Amino acid sequence: MPKLQGFEFWSQTLGGARHVVAPMVDQSELAWRLLSRRHGAQLCYTPMLHAQVFVRDANYRKENLYCEVCPEDRPLIVQFCANDPEVFVQAALLAQDHCDAIDLNLGCPQMIAKRGHYGAFLQEEWDLLQRMILLAHEKLSVPVTCKIRVFPEIDKTVRYAQMLEKAGCQLLTVHGRTKEQRGPLSGAASWEHIKAVRKAVTIPVFANGNIQCLQDVERCLRDTGVQGVMSAEGNLHNPALFEGRSPAVWELAEEYLDLVRQHPCPLSYVRAHLFKLWHHTLQVHQQLREELAKVKTLEGIAAVSLELKLRCQEEMSRWQGEKPPSDLPFFHWICQPYIRPGPREGSKNAGACSKRALEEEEGSTEVLSKNKQKKQLRNPHKTFDPSLKPKYAKCDQCGNPKGNRCVFNLCRGCCKKRAFRETADCPGHGLLFKTKLEKSLAWKGAQEPQKARPSTPAGFSEVQAVPWP
């Protein structure tokens, strides 16, 4: 049977899905997808998977896709990042029996995508993208789809979308932001770009961006004419978004934790989800925020979530019948959107903090990287203040810290080169080129007298030869 394409694929294989959960790294795992499907999501994507790693690592395939058969988790689209046509197709062939389509990520704007040369940083390489999609379209038994970001110019975005369609893309998701619009610089997504793409192509289009509630979904469908709407952050803060409900946070948190017990995933995923769900409440109960950041077991996370529930229920009895005492549309224990602060607002709150601090993940208790936070948990007295770090004398050659006992006042690398060149010793670095040479010459000198006489084979005594009678 030939594979379905375009609108037939969307209407029959995907069931005409309009409510879509986005591919989210470490956040759209199986347990979360099942929770979202129970509350109105009609189509889910896997997290972005690295095609090259998927091809070479059987454990990576098992953990991210082959873990178990789950009929509830369909229709499902597997998303890969890749920059090589052959590798992309190899990965897709390994995944196609476990999904309904393969998506090529052309929308990731993060620095890791820039360093790896994939995602939105391929959007100028149209020849490469044509070859990748064309080969996948020819080789796969399931359709190939793409998720893109827009260019600042609407006409260039339209030509980009038409190029992908011509190469074989059967469904296009358009995130209405440029690759520069990320983190505190996100701003609003352009539905005008999405609308223009929808009018210019003959394949189904999903819109992504500016979705915080069901009213936004309905307005986006009406204003852009797309076939479906994808949600990422809106879904993370309220998995019941597509139902048009804003339930109490603990209702969805408890349901999610039950699903994790059935379909285990790394604890870091669970912790991140709870930080999103409880985001507004954790601004009130800072101590529990720190406990959630430190706890090391699933049951420990569940205990913190339960304590948050009890405190919220206690507050409910006091605030019943009154308006929220903050600028939030609902009380903090109700699932609701999180509005990301803009660059100006962020700078007011954070002072002269770095860009990294503005983009820090939920769960950070200080303006430190995650690795530094872990080190500080292991050693509470550890400091990362540069002014308190010990000062080291510099190598005379390269400026790296020199060895304290180096006879040349150099670092080990420079010392090794000089000691070798000059056949010298440096006991401070354990380099003994001169000593080893002298020992070698002494050993050779001791061997010279022995070479003057023939040696006797081992196991034979020196006896005079006697003629055979």
# chains A, B, ... in the order shown; residues from 1 in each chain; ligands from 1
>>> residues_around(residues="Ala136 (chain A)", least_positions_apart="5", cutoff="10 Å", atoms="only C-alpha atoms", output="PyMOL selection string")
chain A and resi 85-86+88-90+92-93+102+104+130-131+141-145+167-169
>>> residues_around(residues="Leu128 (chain A)", least_positions_apart="4", cutoff="9 Å", atoms="only C-alpha atoms", output="list in words")
Asn83, Asp84, Pro85, Leu122, Met132 and Ile133 of chain A
>>> select_by_dssp(residues="region 169-332 of chain A", states="helix (DSSP H, G or I)", output="PyMOL selection string")
chain A and resi 183-185+191-200+214-224+233-237+241-243+249-262+267-277+279-284+286-294+298-319
>>> select_by_dssp(residues="region 193-316 of chain A", states="strand (DSSP E or B)", output="PyMOL selection string")
chain A and resi 205-208+228-231+248
>>> residues_around(residues="Tyr160 (chain A)", least_positions_apart="5", cutoff="10 Å", atoms="only C-alpha atoms", output="ChimeraX atom specification")
/A:123-124,126,148,150-151,154-155,165,197
>>> closest_residue(among="A:Ala442, A:Leu308, A:Ala240, A:Ala419", to="Gln287 (chain A)", atoms="only C-alpha atoms")
A:Leu308
>>> atom_distance(atom1="CA of Asn371 (chain A)", atom2="CA of Lys296 (chain A)")
15.5 Å
